[in-house]
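Dumped model-v4.cif below, it's mmCIF, C-alpha atoms and all ligand atoms:
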```cif
data_model
loop_
_atom_site.label_atom_id
_atom_site.label_comp_id
_atom_site.auth_asym_id
_atom_site.auth_seq_id
_atom_site.Cartn_x
_atom_site.Cartn_y
_atom_site.Cartn_z
CA MET A 136 -22.41 -17.90 -1.92
CA ILE A 137 -18.94 -16.37 -1.81
CA LYS A 138 -18.84 -13.22 0.31
CA LEU A 139 -17.45 -9.96 -1.01
CA GLY A 140 -15.26 -7.76 1.15
CA VAL A 141 -14.56 -4.40 -0.46
CA ASN A 142 -11.26 -2.73 0.35
CA ILE A 143 -11.82 1.04 0.40
CA ASP A 144 -8.24 2.17 1.07
CA HIS A 145 -8.04 3.77 -2.37
CA ILE A 146 -10.80 6.23 -1.53
CA ALA A 147 -8.48 7.48 1.21
CA THR A 148 -5.52 7.40 -1.20
CA LEU A 149 -7.38 9.87 -3.41
CA ARG A 150 -8.29 12.08 -0.47
CA GLN A 151 -4.71 12.09 0.89
CA ALA A 152 -3.37 13.11 -2.53
CA ARG A 153 -4.75 16.57 -1.79
CA LYS A 154 -5.06 16.32 2.00
CA GLU A 155 -8.72 17.27 1.65
CA ASP A 156 -11.61 15.91 3.69
CA PHE A 157 -13.16 14.26 0.61
CA PRO A 158 -13.84 11.76 -0.88
CA SER A 159 -15.01 10.27 2.40
CA PRO A 160 -14.21 6.62 3.21
CA VAL A 161 -17.27 6.58 5.49
CA LYS A 162 -19.49 7.58 2.58
CA ALA A 163 -17.75 4.99 0.37
CA MET A 164 -18.40 2.33 3.00
CA ALA A 165 -22.11 3.14 2.98
CA VAL A 166 -22.30 2.98 -0.84
CA CYS A 167 -20.47 -0.38 -0.86
CA GLU A 168 -22.85 -1.76 1.74
CA LYS A 169 -25.87 -0.55 -0.23
CA ALA A 170 -24.51 -2.27 -3.34
CA GLY A 171 -24.17 -5.60 -1.55
CA ALA A 172 -20.72 -5.74 0.08
CA ASP A 173 -20.67 -8.28 2.90
CA SER A 174 -17.79 -6.60 4.67
CA ILE A 175 -15.53 -3.58 4.39
CA THR A 176 -11.76 -3.85 4.55
CA THR A 177 -9.37 -1.08 5.51
CA HIS A 178 -5.63 -1.28 6.06
CA LEU A 179 -4.26 1.13 8.63
CA ARG A 180 -0.66 1.21 7.49
CA GLU A 181 2.12 2.20 9.86
CA ASP A 182 2.99 5.11 7.56
CA ARG A 183 -0.70 6.20 7.41
CA ARG A 184 -0.39 6.71 3.67
CA HIS A 185 -4.12 6.35 3.05
CA ILE A 186 -6.50 5.31 5.83
CA GLN A 187 -6.10 7.37 9.01
CA ASP A 188 -6.89 6.37 12.61
CA ARG A 189 -10.02 8.51 12.65
CA ASP A 190 -11.33 6.79 9.51
CA VAL A 191 -11.41 3.31 11.00
CA PHE A 192 -13.26 4.42 14.11
CA GLU A 193 -15.77 6.44 12.08
CA ILE A 194 -16.32 3.58 9.62
CA LYS A 195 -16.81 1.08 12.44
CA ALA A 196 -19.32 3.38 14.19
CA ALA A 197 -21.39 3.98 11.04
CA MET A 198 -21.36 0.57 9.37
CA GLN A 199 -24.05 -2.11 9.16
CA THR A 200 -21.85 -4.96 7.94
CA LYS A 201 -18.51 -6.25 9.23
CA LEU A 202 -15.20 -4.45 9.49
CA ASN A 203 -12.15 -6.41 8.39
CA PHE A 204 -9.10 -4.54 9.68
CA GLU A 205 -5.87 -5.24 7.82
CA MET A 206 -2.79 -4.64 9.90
CA ALA A 207 0.86 -5.37 10.53
CA ALA A 208 1.59 -7.35 13.68
CA CYS A 209 3.30 -4.43 15.44
CA ASP A 210 2.47 -3.24 18.96
CA GLU A 211 1.10 0.16 17.93
CA ILE A 212 -1.41 -1.23 15.46
CA VAL A 213 -2.31 -4.24 17.62
CA ASN A 214 -3.27 -1.79 20.40
CA ILE A 215 -5.44 0.16 17.98
CA ALA A 216 -7.16 -3.07 16.90
CA LEU A 217 -7.85 -4.01 20.51
CA LYS A 218 -9.51 -0.63 21.01
CA LEU A 219 -11.34 -0.66 17.66
CA GLN A 220 -12.72 -4.18 18.07
CA PRO A 221 -13.32 -4.93 14.40
CA TYR A 222 -15.21 -8.08 13.43
CA SER A 223 -11.99 -9.52 12.01
CA VAL A 224 -8.37 -8.63 11.43
CA CYS A 225 -6.12 -9.80 8.67
CA ILE A 226 -2.44 -9.74 9.58
CA VAL A 227 -0.28 -8.72 6.64
CA PRO A 228 3.42 -8.08 6.06
CA GLU A 229 4.24 -4.42 5.63
CA LYS A 230 7.18 -2.69 4.01
CA ARG A 231 7.39 1.07 3.82
CA GLN A 232 8.65 1.18 0.25
CA GLU A 233 6.10 -1.17 -1.29
CA VAL A 234 3.26 0.16 -3.45
CA THR A 235 0.89 -2.49 -2.10
CA THR A 236 1.15 -5.67 -0.01
CA GLU A 237 3.60 -7.52 -2.22
CA GLY A 238 3.61 -11.02 -0.80
CA GLY A 239 2.21 -13.14 1.95
CA LEU A 240 3.30 -13.04 5.57
CA ASP A 241 6.01 -15.47 6.63
CA VAL A 242 4.08 -17.04 9.51
CA PHE A 243 6.31 -20.13 9.67
CA SER A 244 9.42 -18.19 10.70
CA GLN A 245 7.73 -16.11 13.39
CA LYS A 246 5.23 -18.48 14.92
CA ASP A 247 5.92 -17.55 18.56
CA LYS A 248 5.56 -13.81 18.05
CA LEU A 249 2.46 -14.18 15.89
CA ALA A 250 0.83 -16.70 18.24
CA GLU A 251 0.95 -14.03 20.96
CA VAL A 252 -0.71 -11.46 18.69
CA VAL A 253 -3.38 -13.97 17.61
CA LYS A 254 -4.16 -14.79 21.25
CA LYS A 255 -4.46 -11.11 22.26
CA LEU A 256 -6.91 -10.45 19.44
CA LYS A 257 -8.92 -13.67 19.87
CA ASP A 258 -9.26 -12.93 23.59
CA LYS A 259 -11.23 -9.85 22.48
CA ASN A 260 -13.43 -12.05 20.25
CA ILE A 261 -11.86 -10.74 17.07
CA ILE A 262 -11.61 -13.27 14.23
CA VAL A 263 -8.00 -13.51 13.12
CA SER A 264 -6.90 -14.18 9.57
CA MET A 265 -3.36 -14.41 8.15
CA PHE A 266 -2.46 -13.17 4.68
CA VAL A 267 -0.18 -15.86 3.25
CA ASP A 268 1.07 -17.18 -0.07
CA PRO A 269 -0.45 -20.43 -1.34
CA ASP A 270 2.17 -22.51 0.44
CA GLU A 271 1.43 -25.61 2.49
CA LYS A 272 4.04 -24.84 5.16
CA GLN A 273 2.60 -21.37 5.77
CA ILE A 274 -0.99 -22.58 5.97
CA GLN A 275 -0.07 -25.28 8.45
CA ALA A 276 1.78 -22.62 10.49
CA CYS A 277 -1.44 -20.53 10.60
CA ALA A 278 -3.26 -23.49 12.11
CA ASP A 279 -0.40 -24.06 14.57
CA ILE A 280 -0.70 -20.51 15.93
CA LYS A 281 -4.49 -20.94 16.19
CA ALA A 282 -5.53 -18.38 13.60
CA ASP A 283 -9.18 -18.68 12.52
CA SER A 284 -8.65 -18.21 8.81
CA VAL A 285 -6.18 -17.70 6.01
CA GLU A 286 -6.42 -15.18 3.20
CA ILE A 287 -4.41 -16.46 0.27
CA HIS A 288 -2.45 -13.86 -1.69
CA THR A 289 -3.70 -14.09 -5.27
CA GLY A 290 -1.33 -11.40 -6.61
CA LYS A 291 0.95 -13.85 -8.41
CA TYR A 292 -2.07 -15.54 -9.99
CA ALA A 293 -3.40 -12.17 -11.16
CA ASN A 294 -0.05 -11.21 -12.69
CA LEU A 295 0.28 -14.53 -14.54
CA PHE A 296 -3.34 -14.28 -15.73
CA LYS A 297 -2.52 -11.00 -17.51
CA VAL A 298 -0.68 -13.11 -20.14
CA SER A 299 -3.34 -15.84 -20.32
CA LYS A 300 -5.43 -18.14 -18.18
CA GLU A 301 -3.17 -21.05 -19.23
CA ASN A 302 -0.15 -19.13 -18.04
CA ALA A 303 -1.71 -18.97 -14.57
CA ALA A 304 -2.72 -22.65 -14.46
CA ASP A 305 0.09 -23.83 -12.14
CA GLU A 306 -0.56 -21.04 -9.67
CA MET A 307 -4.26 -21.91 -9.75
CA LYS A 308 -3.30 -25.46 -8.76
CA ASN A 309 -1.34 -24.06 -5.80
CA ILE A 310 -4.33 -22.01 -4.70
CA LYS A 311 -6.70 -24.97 -5.02
CA ARG A 312 -4.32 -27.14 -3.03
CA SER A 313 -4.16 -24.39 -0.38
CA ALA A 314 -7.93 -24.49 -0.06
CA GLU A 315 -7.76 -28.23 0.58
CA ILE A 316 -5.01 -27.87 3.17
CA ALA A 317 -6.91 -25.06 4.91
CA LYS A 318 -9.95 -27.32 5.12
CA GLU A 319 -7.90 -30.18 6.55
CA CYS A 320 -6.46 -27.77 9.15
CA GLY A 321 -9.89 -26.39 10.06
CA LEU A 322 -9.12 -22.90 8.74
CA ILE A 323 -11.63 -20.64 6.98
CA PHE A 324 -10.38 -19.99 3.44
CA ASN A 325 -10.41 -16.47 2.00
CA ALA A 326 -8.44 -14.93 -0.86
CA GLY A 327 -7.58 -11.59 -2.37
CA HIS A 328 -5.19 -9.23 -4.12
CA GLY A 329 -5.15 -8.24 -7.76
CA LEU A 330 -8.54 -9.77 -8.48
CA ASP A 331 -10.70 -8.13 -11.12
CA TYR A 332 -13.76 -8.63 -13.29
CA LYS A 333 -11.89 -11.02 -15.62
CA ASN A 334 -9.60 -13.12 -13.45
CA VAL A 335 -12.01 -13.70 -10.57
CA PHE A 336 -14.14 -16.45 -12.20
CA ASP A 337 -11.81 -19.43 -11.76
CA ILE A 338 -10.93 -18.32 -8.25
CA CYS A 339 -14.66 -18.32 -7.47
CA GLY A 340 -14.83 -21.93 -8.64
CA ILE A 341 -12.59 -23.07 -5.78
CA GLU A 342 -14.40 -25.28 -3.32
CA ASN A 343 -14.43 -24.15 0.27
CA LEU A 344 -13.86 -20.45 -0.57
CA ASN A 345 -15.57 -18.21 1.99
CA GLU A 346 -14.73 -14.62 1.03
CA LEU A 347 -12.80 -12.51 -1.47
CA ASN A 348 -11.34 -9.15 -0.56
CA ILE A 349 -11.16 -6.87 -3.57
CA GLY A 350 -10.11 -3.24 -3.73
CA PHE A 351 -8.25 -1.72 -6.64
CA SER A 352 -10.28 -3.08 -9.55
CA ILE A 353 -13.55 -2.02 -7.93
CA ILE A 354 -12.40 1.49 -7.08
CA ALA A 355 -10.83 1.87 -10.55
CA ARG A 356 -14.10 0.86 -12.23
CA ALA A 357 -15.96 3.26 -9.96
CA VAL A 358 -14.19 6.18 -11.62
CA PHE A 359 -16.19 5.53 -14.79
CA ASP A 360 -19.25 3.59 -13.66
CA GLY A 361 -19.78 4.81 -10.12
CA LEU A 362 -18.98 2.94 -6.92
CA GLU A 363 -22.41 1.41 -6.48
CA THR A 364 -22.34 -0.19 -9.94
CA ALA A 365 -18.72 -1.32 -9.54
CA VAL A 366 -19.52 -3.15 -6.30
CA PHE A 367 -22.85 -4.45 -7.60
CA GLU A 368 -21.23 -5.98 -10.70
CA MET A 369 -18.58 -7.79 -8.63
CA LYS A 370 -21.18 -8.98 -6.16
CA LYS A 371 -23.26 -10.29 -9.07
CA ILE A 372 -20.33 -12.49 -10.17
CA LEU A 373 -19.65 -13.81 -6.68
CA SER A 374 -23.28 -14.54 -5.94
CA LYS A 375 -23.37 -17.13 -8.74
CA TYR A 376 -20.98 -19.36 -6.79
N1 LIG A 401 -6.35 -8.52 0.74
C1 LIG A 401 -5.25 -8.02 1.35
C2 LIG A 401 -4.76 -8.70 2.58
C3 LIG A 401 -4.60 -6.87 0.85
O1 LIG A 401 -3.50 -6.39 1.45
C4 LIG A 401 -5.15 -6.22 -0.27
C5 LIG A 401 -4.51 -4.97 -0.79
O2 LIG A 401 -4.55 -3.97 0.13
C6 LIG A 401 -6.31 -6.76 -0.86
C7 LIG A 401 -6.87 -7.92 -0.34
C8 LIG A 401 -6.97 -6.12 -2.03
O3 LIG A 401 -6.12 -6.13 -3.12
P1 LIG A 401 -6.53 -5.33 -4.43
O4 LIG A 401 -6.60 -3.88 -4.04
O5 LIG A 401 -5.42 -5.63 -5.38
O6 LIG A 401 -7.86 -5.85 -4.87
#
```

With the file now loaded, output its structure as C-alpha cells.
Amino acid sequence: MIKLGVNIDHIATLRQARKEDFPSPVKAMAVCEKAGADSITTHLREDRRHIQDRDVFEIKAAMQTKLNFEMAACDEIVNIALKLQPYSVCIVPEKRQEVTTEGGLDVFSQKDKLAEVVKKLKDKNIIVSMFVDPDEKQIQACADIKADSVEIHTGKYANLFKVSKENAADEMKNIKRSAEIAKECGLIFNAGHGLDYKNVFDICGIENLNELNIGFSIIARAVFDGLETAVFEMKKILSKY
C-alpha cells in the first residue's frame, strides 16, 4: 500500500496571513493522523513564511506518526533538524521569491556539500531523502552521496496533466524510469508536488512507489469538505495500490 504523507504548511500559511494563533498546525496534524495519514510533512523555510520553529517542535512532541521535515541544506536549518530529530528529512532547493518549491534539487552539481549534510543527519539516525526531478543523473547522484531515498518532483507532470493525460505521457515515462533507476541504486522511491484527486491515479500505478507527499490539493479540499474527509478520500485512493 502506498503511504500518504500530508503536508500541512498551508494551515500555517492561513494562520500567518493574519498573524493569529489559529488555525493550529498541531490540531491539523492530529486530524490528518486520525483520517489515516502515515506521516506529516512540514517545510521550515528560511524566510519562515508559514511554518515557524515552534510549530515543528510542537508537532513532533504531539504526533503519533512520523515527521518528515522538509528543509534547505543550509547550516541554520540543518542545526534545527539535528535538534528536532524528525523521522526523516527531505532536502529541497529553496528560493526566496518562489511561490512553492519550483523544481528539484541539483544534487549532481553539489555532491560534496550535500554528502556532508546527509552524513550529519544519518549519524543522528534520520532518514534522508532528496527532492529531485525525474532525471537519471540526479538520482544516481543521490545514491552516490548515500541518501536513503529520493522524492521525485511531480510538478511538471501535474502541470502537463491539466491539459490531458496524453499530454503528460512523456513525463510519466520519465517518472517511471526514475522509479526503476532508484530501485537499481537501492533508493526508496517517493514522489510529490502538485498531486490531486484526479492526477494521482497513474502515479499510484508506478511499481516500487513507497510514499506520496501531498499538501495543497488536500488543504484546498478541506475548505469545503473538512480536513478529515479530504485526507480520508486521498488515503482511500492510495490504499487501493
Ligand atoms: N513534496 C515536496 C518536497 C514539496 O516541497 C511539496 C510542496 O511543499 C510537496 C511535496 C507538496 O506539494 P503540494 O502542496 O503541491 O501537494

For each of A:Ala276, A:Ile323, A:Val335, A:Leu219, take the minimum atom-to-atom distance to ligand LIG 401 (chain A), counting only C-alpha atoms and all ligand atoms, then give the residue where this is smallest.
A:Val335

Just want the 12 Å neighbourhood of region 301-305 of chain A, counted on all atoms listed in the file, with same-chain residues fewer than 2 positions away dropped. Output as an MDAnalysis selection string.
chainID A and resid 269 289:299 307:312 334 337:338

Residue contacts of region 254-256 of chain A (12 Å, all atoms listed in the file) excluding same-chain residues fewer than 2 positions away, as a ChimeraX atom specification:
/A:204,206,208,210,212-226,246-252,258-264,280-283

Can you write out the residues you just picked, keeping C-alpha atoms, as a PDB file, keeping the file's coordinate frame?
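Everything below was put into again12.pdb:
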```
ATOM      1  CA  PHE A 204      -9.100  -4.540   9.680  1.00  0.00           C
ATOM      2  CA  MET A 206      -2.790  -4.640   9.900  1.00  0.00           C
ATOM      3  CA  ALA A 208       1.590  -7.350  13.680  1.00  0.00           C
ATOM      4  CA  ASP A 210       2.470  -3.240  18.960  1.00  0.00           C
ATOM      5  CA  ILE A 212      -1.410  -1.230  15.460  1.00  0.00           C
ATOM      6  CA  VAL A 213      -2.310  -4.240  17.620  1.00  0.00           C
ATOM      7  CA  ASN A 214      -3.270  -1.790  20.400  1.00  0.00           C
ATOM      8  CA  ILE A 215      -5.440   0.160  17.980  1.00  0.00           C
ATOM      9  CA  ALA A 216      -7.160  -3.070  16.900  1.00  0.00           C
ATOM     10  CA  LEU A 217      -7.850  -4.010  20.510  1.00  0.00           C
ATOM     11  CA  LYS A 218      -9.510  -0.630  21.010  1.00  0.00           C
ATOM     12  CA  LEU A 219     -11.340  -0.660  17.660  1.00  0.00           C
ATOM     13  CA  GLN A 220     -12.720  -4.180  18.070  1.00  0.00           C
ATOM     14  CA  PRO A 221     -13.320  -4.930  14.400  1.00  0.00           C
ATOM     15  CA  TYR A 222     -15.210  -8.080  13.430  1.00  0.00           C
ATOM     16  CA  SER A 223     -11.990  -9.520  12.010  1.00  0.00           C
ATOM     17  CA  VAL A 224      -8.370  -8.630  11.430  1.00  0.00           C
ATOM     18  CA  CYS A 225      -6.120  -9.800   8.670  1.00  0.00           C
ATOM     19  CA  ILE A 226      -2.440  -9.740   9.580  1.00  0.00           C
ATOM     20  CA  LYS A 246       5.230 -18.480  14.920  1.00  0.00           C
ATOM     21  CA  ASP A 247       5.920 -17.550  18.560  1.00  0.00           C
ATOM     22  CA  LYS A 248       5.560 -13.810  18.050  1.00  0.00           C
ATOM     23  CA  LEU A 249       2.460 -14.180  15.890  1.00  0.00           C
ATOM     24  CA  ALA A 250       0.830 -16.700  18.240  1.00  0.00           C
ATOM     25  CA  GLU A 251       0.950 -14.030  20.960  1.00  0.00           C
ATOM     26  CA  VAL A 252      -0.710 -11.460  18.690  1.00  0.00           C
ATOM     27  CA  ASP A 258      -9.260 -12.930  23.590  1.00  0.00           C
ATOM     28  CA  LYS A 259     -11.230  -9.850  22.480  1.00  0.00           C
ATOM     29  CA  ASN A 260     -13.430 -12.050  20.250  1.00  0.00           C
ATOM     30  CA  ILE A 261     -11.860 -10.740  17.070  1.00  0.00           C
ATOM     31  CA  ILE A 262     -11.610 -13.270  14.230  1.00  0.00           C
ATOM     32  CA  VAL A 263      -8.000 -13.510  13.120  1.00  0.00           C
ATOM     33  CA  SER A 264      -6.900 -14.180   9.570  1.00  0.00           C
ATOM     34  CA  ILE A 280      -0.700 -20.510  15.930  1.00  0.00           C
ATOM     35  CA  LYS A 281      -4.490 -20.940  16.190  1.00  0.00           C
ATOM     36  CA  ALA A 282      -5.530 -18.380  13.600  1.00  0.00           C
ATOM     37  CA  ASP A 283      -9.180 -18.680  12.520  1.00  0.00           C
TER      38      ASP A 283
END
```

Selected residue of minimal separation from ligand LIG 401 (chain A) among A:Arg153, A:Lys138, A:Lys375, A:His178, counting only C-alpha atoms and all ligand atoms
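Looking at the shortest contact to ligand LIG 401 (chain A), the residue is A:His178.
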
Ile175 (chain A): which residues within 9 Å, counting only C-alpha atoms, same-chain residues fewer than 6 positions away excluded, as a list in words?
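Here the qualifying residues turn out to be Leu139, Gly140, Val141, Asn142, Ile143, Met164, Cys167, Glu168, Ile194, Met198, Thr200, Lys201, Leu202, Asn203, Phe204 and Asn348 of chain A.
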
Between atom P1 of ligand LIG 401 (chain A) and CA of Ile354 (chain A), what is the distance in Å, rounded to a tenth?
9.4 Å

How far is it from CA of Val227 (chain A) to CA of Cys277 (chain A), in Å with one decimal?
12.5 Å

Coordinates of box centre and edge lengths for ligand LIG 401 (chain A), 6 Å on every side, axis-aligned, as lines of an AutoDock Vina configuration file:
```
center_x = -5.7
center_y = -6.3
center_z = -1.4
size_x = 16.4
size_y = 16.8
size_z = 20.0
```

Would you name the residues within 7 Å of ligand LIG 401 (chain A), counting all atoms listed in the file, and put them as JSON, numbers by chain?
{"A": [142, 178, 205, 225, 227, 235, 236, 266, 286, 326, 327, 328, 329, 330, 348, 349, 350, 351, 352]}

Could you turn the residues from that selection into a file that holds C-alpha atoms, as an mmCIF file, in the coordinates of the input?
```cif
data_model
loop_
_atom_site.group_PDB
_atom_site.id
_atom_site.type_symbol
_atom_site.label_atom_id
_atom_site.label_comp_id
_atom_site.auth_asym_id
_atom_site.auth_seq_id
_atom_site.Cartn_x
_atom_site.Cartn_y
_atom_site.Cartn_z
ATOM 1 C CA ASN A 142 -11.260 -2.730 0.350
ATOM 2 C CA HIS A 178 -5.630 -1.280 6.060
ATOM 3 C CA GLU A 205 -5.870 -5.240 7.820
ATOM 4 C CA CYS A 225 -6.120 -9.800 8.670
ATOM 5 C CA VAL A 227 -0.280 -8.720 6.640
ATOM 6 C CA THR A 235 0.890 -2.490 -2.100
ATOM 7 C CA THR A 236 1.150 -5.670 -0.010
ATOM 8 C CA PHE A 266 -2.460 -13.170 4.680
ATOM 9 C CA GLU A 286 -6.420 -15.180 3.200
ATOM 10 C CA ALA A 326 -8.440 -14.930 -0.860
ATOM 11 C CA GLY A 327 -7.580 -11.590 -2.370
ATOM 12 C CA HIS A 328 -5.190 -9.230 -4.120
ATOM 13 C CA GLY A 329 -5.150 -8.240 -7.760
ATOM 14 C CA LEU A 330 -8.540 -9.770 -8.480
ATOM 15 C CA ASN A 348 -11.340 -9.150 -0.560
ATOM 16 C CA ILE A 349 -11.160 -6.870 -3.570
ATOM 17 C CA GLY A 350 -10.110 -3.240 -3.730
ATOM 18 C CA PHE A 351 -8.250 -1.720 -6.640
ATOM 19 C CA SER A 352 -10.280 -3.080 -9.550
#
```

Atomic distance CA of Asp268 (chain A) - CA of Val253 (chain A), expressed in Å with one decimal:
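Those two atoms sit 18.5 Å apart.
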
Polymer residues at most 9 Å from Ile353 (chain A), only C-alpha atoms, same-chain spacing of 6 or more positions, as a compact mmCIF listing (two decimals) with C-alpha atoms, in the frame of the given file:
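Below is the file that was written, result-v5.txt:
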```txt
# COMPACT_ATOMS: atom_id res chain seq x y z
CA VAL A 141 -14.56 -4.40 -0.46
CA ASN A 142 -11.26 -2.73 0.35
CA ASP A 331 -10.70 -8.13 -11.12
CA TYR A 332 -13.76 -8.63 -13.29
CA LEU A 362 -18.98 2.94 -6.92
CA ALA A 365 -18.72 -1.32 -9.54
CA VAL A 366 -19.52 -3.15 -6.30
CA MET A 369 -18.58 -7.79 -8.63
```

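Between Leu373 (chain A) and the candidates A:Glu229, A:Asp173, A:Glu181, A:Glu271, the tightest atom-to-atom separation, counting only C-alpha atoms, involves A:Asp173.
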
Fewer than 2 positions away in the same chain doesn't count, so skip those; otherwise give me all residues within 10 Å of Ser159 (chain A), counting all atoms listed in the file, as JSON, numbers by chain.
{"A": [143, 146, 147, 149, 150, 155, 156, 157, 161, 162, 163, 164, 190, 194]}

For Gly340 (chain A), the nearest of the candidates A:Ser374, A:Gly239, A:Lys318, A:Val358, counting all atoms listed in the file:
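Answer, going by the shortest atom-to-atom distance: A:Ser374.
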
Pick from A:Asp270, A:Phe359, A:Phe336, A:Ala165: nearest to Glu315 (chain A), with only C-alpha atoms counted?
A:Asp270

Go through A:Lys230, A:Lys370, A:His185, A:Lys272 and flag the residue nearest Gln151 (chain A), using only C-alpha atoms for the distances.
A:His185
